[in-house]
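Report on the structure given below.
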Amino acid sequence: ALPLQAIVVDDSQLALDQWSAALRALGVGVRTMASANEAVGQVRRWRAGLLLVGSPLPGMDGYRLCRQVKRDPLT
């Protein structure tokens with residue numbers, strides 16, 4: 001089985017660092033992004049099994065990003 005992959009989206013570098021360290025310690029592959037707009041394309045490309053999103057975010061808030069991902073049949 002492939003290891004779990006996660007995308008962490010937050011505009012706080014501290015939060016990105018803390019989540020990344022905790023997930024990597026559990027053997028989870030992690031990609032980080034500072035904005036929801038950046039994450040939109042990566043969610044499709046990377047096929048992560050876990051999406052951790054802060055809210056609010058610049059441009060698009062985390063709730064809107066989650067709704068968009070949920071509605072997309074490819075994600």
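Ligands are numbered from 1 in the order shown, residues from 1 within each chain, and chains are lettered A, B, ... in the order they appear in the structure tokens.
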
Close residues, range 16-30 of chain A itself excluded, 7 Å, only C-alpha atoms, min 6 positions apart in chain, as an MDAnalysis selection string: chainID A and resid 3:8 10

Apply DSSP to the structure's backbone, then extract all residues of chain A labelled helix (DSSP H, G or I) and return them as a ChimeraX atom specification. /A:13-25,36-46,62-71

Output C-alpha atoms of each residue in that selection to a file, as a short mmCIF file (atom, residue, chain, number, x, y, z; two decimals), in the first residue's frame.
```
data_model
loop_
_atom_site.label_atom_id
_atom_site.label_comp_id
_atom_site.auth_asym_id
_atom_site.auth_seq_id
_atom_site.Cartn_x
_atom_site.Cartn_y
_atom_site.Cartn_z
CA GLN A 13 4.52 29.44 8.10
CA LEU A 14 4.55 28.31 11.75
CA ALA A 15 1.36 26.29 11.26
CA LEU A 16 2.72 24.77 8.03
CA ASP A 17 5.94 23.78 9.80
CA GLN A 18 4.16 22.29 12.81
CA TRP A 19 1.64 20.28 10.79
CA SER A 20 4.35 19.08 8.40
CA ALA A 21 6.60 17.89 11.21
CA ALA A 22 3.77 16.08 12.99
CA LEU A 23 2.53 14.35 9.84
CA ARG A 24 6.00 13.38 8.63
CA ALA A 25 6.73 11.87 12.05
CA ALA A 36 -6.12 28.10 -1.33
CA ASN A 37 -5.70 29.28 -4.92
CA GLU A 38 -2.32 27.54 -5.06
CA ALA A 39 -3.82 24.38 -3.60
CA VAL A 40 -6.66 24.05 -6.12
CA GLY A 41 -4.46 22.69 -8.90
CA GLN A 42 -2.23 20.67 -6.60
CA VAL A 43 -5.13 18.76 -5.05
CA ARG A 44 -5.94 17.25 -8.45
CA ARG A 45 -2.32 16.61 -9.43
CA TRP A 46 -1.11 15.13 -6.18
CA GLY A 62 -10.56 27.24 3.55
CA TYR A 63 -14.28 26.43 3.62
CA ARG A 64 -14.70 27.41 -0.02
CA LEU A 65 -11.64 25.36 -0.98
CA CYS A 66 -13.07 22.30 0.78
CA ARG A 67 -16.45 22.73 -0.92
CA GLN A 68 -14.73 23.04 -4.30
CA VAL A 69 -12.66 19.89 -3.72
CA LYS A 70 -15.71 17.99 -2.52
CA ARG A 71 -17.73 18.93 -5.64
#
```

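A straight line drawn from CA of Met60 in chain A to CA of Pro73 in chain A is 20.1 Å long.
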
Can you list, as a PyMOL selection string, every residue of chain A that DSSP puts in strand (DSSP E)? chain A and resi 5-9+29-33+50-53

Filtering to N, CA and C atoms, could you give me those residues as a CSV table (one decimal), in the first residue's frame?
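Output file selection.csv is given in full below:
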```csv
chain,number,residue,atom,x,y,z
A,5,GLN,N,-0.7,10.5,1.7
A,5,GLN,CA,-0.2,11.8,1.2
A,5,GLN,C,-1.1,12.9,1.7
A,6,ALA,N,-0.6,14.0,2.2
A,6,ALA,CA,-1.4,15.1,2.7
A,6,ALA,C,-1.0,16.4,2.1
A,7,ILE,N,-1.9,17.3,1.9
A,7,ILE,CA,-1.7,18.7,1.5
A,7,ILE,C,-2.1,19.6,2.7
A,8,VAL,N,-1.2,20.4,3.1
A,8,VAL,CA,-1.5,21.3,4.2
A,8,VAL,C,-1.5,22.8,3.6
A,9,VAL,N,-2.6,23.5,3.9
A,9,VAL,CA,-2.8,24.8,3.3
A,9,VAL,C,-3.0,25.8,4.5
A,29,GLY,N,3.4,11.6,3.7
A,29,GLY,CA,4.0,12.5,2.8
A,29,GLY,C,3.3,13.8,2.8
A,30,VAL,N,4.0,14.9,2.8
A,30,VAL,CA,3.4,16.3,3.0
A,30,VAL,C,3.8,17.2,1.9
A,31,ARG,N,2.8,18.0,1.4
A,31,ARG,CA,3.1,19.2,0.5
A,31,ARG,C,2.4,20.3,1.2
A,32,THR,N,3.0,21.5,1.2
A,32,THR,CA,2.5,22.6,1.9
A,32,THR,C,2.2,23.8,0.9
A,33,MET,N,1.2,24.5,1.1
A,33,MET,CA,0.9,25.7,0.3
A,33,MET,C,0.4,26.8,1.2
A,50,LEU,N,-5.4,13.3,2.3
A,50,LEU,CA,-5.7,14.2,3.5
A,50,LEU,C,-5.5,15.6,3.1
A,51,LEU,N,-6.4,16.5,3.4
A,51,LEU,CA,-6.3,17.9,3.1
A,51,LEU,C,-6.6,18.7,4.4
A,52,LEU,N,-5.5,19.3,4.9
A,52,LEU,CA,-5.7,20.1,6.1
A,52,LEU,C,-5.6,21.6,5.7
A,53,VAL,N,-6.7,22.3,6.0
A,53,VAL,CA,-6.8,23.7,5.5
A,53,VAL,C,-7.1,24.7,6.6
```
